[in-house]
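Accompanying notes for the structure given below.
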Amino acid sequence: MDKEQAGKRIKELREILWENSKKYYVENAPTMSDYDYDHLMYELGELEDEYPDLITPDSPTRKVGSDLESRFAQYPHKYPMLSLGNTYNIGEIEDFVARATKAVGKPFTFSCELKFDGTAICLTYRNGKLFRALTRGDGVIGDDVTENVKHISNIPETLHGTGFPEEFEIRGEILMPYAAFDKLNEERLRNEDAPFANPRNAASGSLKLLDPKEVGRRGLMCTLYHIPSPNISFPTHDEALKAAASWGLPVSDKRKICHNIDEIEAYINYWDKERKMLPYATDGIVIKINELEYQTLLGYTAKFPRWAVAFKFKAEQALTQIKSIDYQVGRTGAVTPVANLTPVQLSGTVVKRATLNNADMMAQMDIRVGDFVYVEKGGEIIPKITGVELSKRGKDVQKPEFPTVCPDCGTPLVKEDDEAKWFCPNVDGCPTQIKGRLVHFLSRKAMNVIAGDATVDQLFNLDLVRTPADFYDLRKFDLLRLEGWKDRSAQRFLDSLRNSLKVSFDHVLFALGIRYVGESTAKEIAQHFGDIDKIAAASMDELLAVPDVGEVIAKSVYDFFRVPQHIIEIQRLRADGLKLSMEAASKSLSAALAGK
């Protein structure tokens, strides 16, 4: 690969990694597994090492992802909250041990600990009282979630005993145990809300709720694992954590002091098997130099401590059988094959379905109905199939045929040159696409209207709603036609629609369902242009000037506003009173403040 090719690949990798970082930290909806993300990050690091003049300060290899949100007050961390360097290769753990041994030049020990799969937290105690709780944020500044953290049952507001510093920070992870996760998702499904993809996303989303009592109701727990050394006078990390436990702080008892690589490997191998028995999610092992003076000696890179490394477990797999394959149409028209499986336990949940992604992947893996397949959970709600166990293939397996027409409306499918998926082009006539866009419009991160798939299905089937603007034409007598709806439920829905008029412009833009425009991208575009008319009139070059907007997103936005029906719909939404500019949001806020 020459320098020009490397530059193009570096740009491509940065866009992919930044987009997934936003999905992970801000939207709690990762689009790829940790394993895939880490390997792309490794590839980017290798290319930047080979061509150091192509390194930029904002490269994902140089910056920690950010979970900052404008809804929360923000404060600086006293000490930066950095990520950990990680690997899936035991050989790289051996290299870490060798480097540390050479650098220290004296005998020392390692503290080996579980790597918890939750959301990072930093607690500050002052005079024995919980003073502040900050998220990781961007590593330098974090969101203040103190009131929410006070409602997590195992975090003490007042420390026990004596001997703690007058003021100190302690860091760890907020987790949602599997049992609480299952209970929450069952409740969300009953309320027609979208379920969380995994306990990590549920923990992160719950920590950012605006109602502290609801945070307390969700069954979160905390485990703490690091006190920045300037805060304490203990000689070792392990002794510091033992002291923290004596003060009533929730510290994991699963850590072990190891003296060499053999003991470290034994600890890794033990927990790779036993983690399945834990009541919460873990995704690896953290190996730290135990002696604090040697941590100080080794110091930090721009992004990682040199005295610690994480060994990541490969995603847990399970073997099960494909019973049948369905072909689902999404709101963008993409047709996705989904395998129905013999139920199997995986990562703390029962898996009954798994995505096959697209026709190319089905052909590449030579998937057959009746095959035994390996299923793996990444960041998605629906797990993915990663391989076929050919040794168990029977004679009666059936080779599936990918449909040539839309499973819902019968329109011939099309495939664009740069896409792996087949699409139904009947955008305005395919019922599944229409309903998908309507559900998206009402969703929590869009217009935040209290409704779900079942409500939209009934409204659609009664021919009451076909486009988002139709929601705002509904009257109570329309809603009373819905099965099981009474006066109270109808009024609740109408009140929720009325409240949606307060939703900010960036959320309205996201609600329109423009292909490839996620929540964070919608915010960037809204802030850049200020109102929807300027976005509609923008050229490709003007759209490409928006931070984090590349060719694919720019073309999608440009094309969306060239469809006459979309312009008519926007005018209807404007007449309904939705905020279609940042200025409108500011005026509303000013009016609200003036009225106080």
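In the structure tokens, chains take letters A, B, ... by order of appearance, with residues numbered from 1 within each chain and ligands from 1 in the order shown.
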- Message: Need the shell around Ile264 (chain A): protein/DNA/RNA residues with any atom at most 10 Å away, counting only C-alpha atoms. Skip same-chain ones fewer than 3 positions apart. Format as a count of residues only?
- Response: 19
- Thr349 (chain A) environment, 8 Å, only C-alpha atoms, sequence neighbours closer than 2 positions dropped, as a PyMOL selection string: chain A and resi 178+182+345-347+351
- Message: At a cut-off of 7 Å, using only C-alpha atoms, what residues contact Asn426 (chain A)? Leave out same-chain residues fewer than 3 positions from it and give the result as a ChimeraX atom specification.
- Response: /A:411,429-430
- Apply DSSP to the structure's backbone, then extract all residues of region 71-221 of chain A labelled strand (DSSP E) and return them as an NGL selection string. :A and (74-76 or 86-87 or 110-116 or 119-126 or 129-135 or 141-143 or 167-175 or 221)
Write to file, as a short mmCIF file (atom, residue, chain, number, x, y, z; two decimals), in the first residue's frame, the residues of the selection just made, with C-alpha atoms.
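Wrote it out as selection_26.cif, contents follow:
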```cif
data_model
loop_
_atom_site.label_atom_id
_atom_site.label_comp_id
_atom_site.auth_asym_id
_atom_site.auth_seq_id
_atom_site.Cartn_x
_atom_site.Cartn_y
_atom_site.Cartn_z
CA GLN A 74 -20.17 19.12 33.25
CA TYR A 75 -17.03 19.26 35.36
CA PRO A 76 -13.36 18.52 34.69
CA ASN A 86 -6.34 -3.98 24.85
CA THR A 87 -5.60 -7.18 22.99
CA PHE A 110 0.41 -7.87 39.03
CA SER A 111 -3.17 -7.29 40.10
CA CYS A 112 -5.45 -9.27 37.78
CA GLU A 113 -9.11 -8.25 37.75
CA LEU A 114 -12.30 -8.81 35.80
CA LYS A 115 -13.01 -6.27 33.07
CA PHE A 116 -16.60 -5.25 33.68
CA THR A 119 -20.32 2.35 31.81
CA ALA A 120 -17.42 4.12 33.53
CA ILE A 121 -17.97 6.28 36.61
CA CYS A 122 -15.77 8.50 38.78
CA LEU A 123 -16.87 9.14 42.38
CA THR A 124 -15.44 11.91 44.56
CA TYR A 125 -15.80 11.67 48.35
CA ARG A 126 -15.20 14.73 50.52
CA LYS A 129 -19.58 12.07 51.98
CA LEU A 130 -20.32 11.46 48.30
CA PHE A 131 -19.60 14.85 46.75
CA ARG A 132 -19.77 14.26 43.00
CA ALA A 133 -20.21 11.51 40.41
CA LEU A 134 -18.99 12.07 36.85
CA THR A 135 -19.20 9.93 33.72
CA ILE A 141 -14.63 16.51 31.31
CA GLY A 142 -17.53 14.36 32.51
CA ASP A 143 -21.29 14.70 32.94
CA GLU A 167 -10.96 14.07 49.64
CA PHE A 168 -10.34 11.37 47.05
CA GLU A 169 -11.56 9.97 43.74
CA ILE A 170 -12.40 6.34 43.11
CA ARG A 171 -13.33 4.96 39.72
CA GLY A 172 -15.24 1.98 38.48
CA GLU A 173 -18.16 0.76 36.44
CA ILE A 174 -21.94 1.02 36.62
CA LEU A 175 -23.49 -2.33 35.64
CA MET A 221 -25.04 -1.82 40.65
#
```
- What is the distance between CA of Ile152 (chain A) and CA of Pro212 (chain A), in Å to one decimal?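 Calculated distance between CA of Ile152 (chain A) and CA of Pro212 (chain A) is 9.2 Å.
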With the cut-off set at 12 Å and counting only C-alpha atoms, tabulate each residue of region 283-333 of chain A with an atom at most that distance from an atom of region 362-386 of chain A, showing the nearest atom pair and its distance in Å to one decimal, ordered by chain and increasing number, as a Markdown table.
```
| residue | atom | partner | partner_atom | distance |
| --- | --- | --- | --- | --- |
| A:Asp283 | CA | A:Gly378 | CA | 11.3 |
| A:Lys314 | CA | A:Glu376 | CA | 9.6 |
| A:Ala315 | CA | A:Glu376 | CA | 6.3 |
| A:Glu316 | CA | A:Glu376 | CA | 6.0 |
| A:Gln317 | CA | A:Glu376 | CA | 4.7 |
| A:Ala318 | CA | A:Val375 | CA | 5.3 |
| A:Leu319 | CA | A:Tyr374 | CA | 4.6 |
| A:Thr320 | CA | A:Phe372 | CA | 5.4 |
| A:Gln321 | CA | A:Phe372 | CA | 4.3 |
| A:Ile322 | CA | A:Gly370 | CA | 5.1 |
| A:Lys323 | CA | A:Gly370 | CA | 5.8 |
| A:Ser324 | CA | A:Val369 | CA | 5.8 |
| A:Ile325 | CA | A:Val369 | CA | 7.2 |
| A:Asp326 | CA | A:Val369 | CA | 10.9 |
```
Per-residue nearest contacts region 283-361 of chain A to region 510-522 of chain A, cut-off 12 Å, using only C-alpha atoms, as a tab-separated table:
```
residue	atom	partner	partner_atom	distance
A:Gly330	CA	A:Arg515	CA	11.2
A:Arg331	CA	A:Gly513	CA	8.3
A:Thr332	CA	A:Arg515	CA	6.6
A:Gly333	CA	A:Arg515	CA	10.1
A:Ala334	CA	A:Arg515	CA	10.7
```
Given the selection you just returned, output its residues as a file containing C-alpha atoms, formatted as an mmCIF file, in the first residue's frame.
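So again-v2.cif came out as:
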```cif
data_model
loop_
_atom_site.group_PDB
_atom_site.id
_atom_site.type_symbol
_atom_site.label_atom_id
_atom_site.label_comp_id
_atom_site.auth_asym_id
_atom_site.auth_seq_id
_atom_site.Cartn_x
_atom_site.Cartn_y
_atom_site.Cartn_z
ATOM 1 C CA GLY A 330 -36.651 -2.325 7.424
ATOM 2 C CA ARG A 331 -37.827 1.291 7.339
ATOM 3 C CA THR A 332 -35.185 2.104 4.693
ATOM 4 C CA GLY A 333 -36.316 -0.817 2.520
ATOM 5 C CA ALA A 334 -33.311 -3.018 3.305
#
```
- Message: I need the residues in region 307-481 of chain A that are helix (DSSP H, G or I) according to DSSP; give them as a ChimeraX atom specification.
- Response: /A:359-365,390-392,431-442,453-461,468-471,476-479
Convert the current residue selection to file output with C-alpha atoms, as a compact mmCIF listing (two decimals), in the first residue's frame.
```
# COMPACT_ATOMS: atom_id res chain seq x y z
CA ALA A 359 -27.51 -12.48 0.65
CA ASP A 360 -23.74 -12.34 0.08
CA MET A 361 -23.02 -13.50 3.63
CA MET A 362 -25.55 -16.33 3.33
CA ALA A 363 -23.86 -17.52 0.14
CA GLN A 364 -20.36 -17.11 1.59
CA MET A 365 -21.21 -19.26 4.63
CA LEU A 390 -20.42 -28.75 8.66
CA SER A 391 -19.69 -31.98 10.55
CA LYS A 392 -23.29 -31.92 11.83
CA PRO A 431 -46.52 -1.01 4.19
CA THR A 432 -43.59 -2.30 6.26
CA GLN A 433 -41.37 0.62 5.25
CA ILE A 434 -44.12 3.14 5.93
CA LYS A 435 -44.87 1.68 9.37
CA GLY A 436 -41.16 1.46 10.15
CA ARG A 437 -40.71 5.17 9.43
CA LEU A 438 -43.76 6.02 11.54
CA VAL A 439 -42.45 3.99 14.50
CA HIS A 440 -39.05 5.68 14.11
CA PHE A 441 -40.69 9.13 14.05
CA LEU A 442 -42.41 8.50 17.39
CA ASP A 453 -45.33 -0.85 16.99
CA ALA A 454 -48.78 -2.13 17.99
CA THR A 455 -50.25 1.38 18.11
CA VAL A 456 -48.78 2.28 14.72
CA ASP A 457 -50.07 -1.00 13.25
CA GLN A 458 -53.62 -0.21 14.33
CA LEU A 459 -53.48 3.40 13.14
CA PHE A 460 -52.10 2.26 9.79
CA ASN A 461 -54.60 -0.58 9.36
CA PRO A 468 -45.72 11.60 10.30
CA ALA A 469 -47.83 14.74 9.84
CA ASP A 470 -50.96 12.58 9.99
CA PHE A 471 -50.30 11.97 13.70
CA LYS A 476 -59.75 11.57 20.33
CA PHE A 477 -62.65 9.96 18.44
CA ASP A 478 -60.09 8.55 15.95
CA LEU A 479 -58.08 6.97 18.75
```
- Query: So, counting only C-alpha atoms, which residue among A:Met41, A:Leu578, A:Ile227, A:Leu54 is closest to Gly7 (chain A)?
  - Reply: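 Ranked by minimum distance to Gly7 (chain A), first place goes to A:Leu54.
Distances from A:Leu207, A:Leu249, A:Ile570, A:Ala420 to Tyr225 (chain A) were compared using only C-alpha atoms, and the smallest one belongs to A:Leu249.
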Neighbouring residues of Phe96 (chain A) were defined as those with any atom within 10 Å, considering only C-alpha atoms; residues of the same chain fewer than 5 positions away were excluded. Please report them as a short mmCIF file (atom, residue, chain, number, x, y, z; two decimals) with C-alpha atoms, in the first residue's frame.
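Output contents, as saved in around_4.cif:
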```
data_model
loop_
_atom_site.label_atom_id
_atom_site.label_comp_id
_atom_site.auth_asym_id
_atom_site.auth_seq_id
_atom_site.Cartn_x
_atom_site.Cartn_y
_atom_site.Cartn_z
CA ILE A 90 -2.05 -13.77 24.86
CA GLY A 91 1.30 -13.18 23.14
CA THR A 101 9.84 -6.25 33.84
CA LYS A 102 12.59 -4.59 31.82
CA ILE A 261 2.90 -14.77 33.07
CA ILE A 287 -3.72 -6.75 34.27
CA ARG A 306 1.64 2.02 30.39
CA TRP A 307 1.21 0.07 33.64
CA ALA A 308 -2.00 -1.73 32.65
CA VAL A 309 -3.45 -3.67 29.75
#
```
- Message: For a test of reading the model, state the distance in Å between CA of Asp272 (chain A) and CA of Leu40 (chain A), rounded to one decimal.
- Response: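 Here the two named atoms are 23.5 Å from each other.
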- Task: Could you jot down the CA of Gly484 (chain A) to CA of Ala180 (chain A) separation for me, Å, one decimal place?
- Result: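 Separating CA of Gly484 (chain A) from CA of Ala180 (chain A) is a distance of 29.2 Å.
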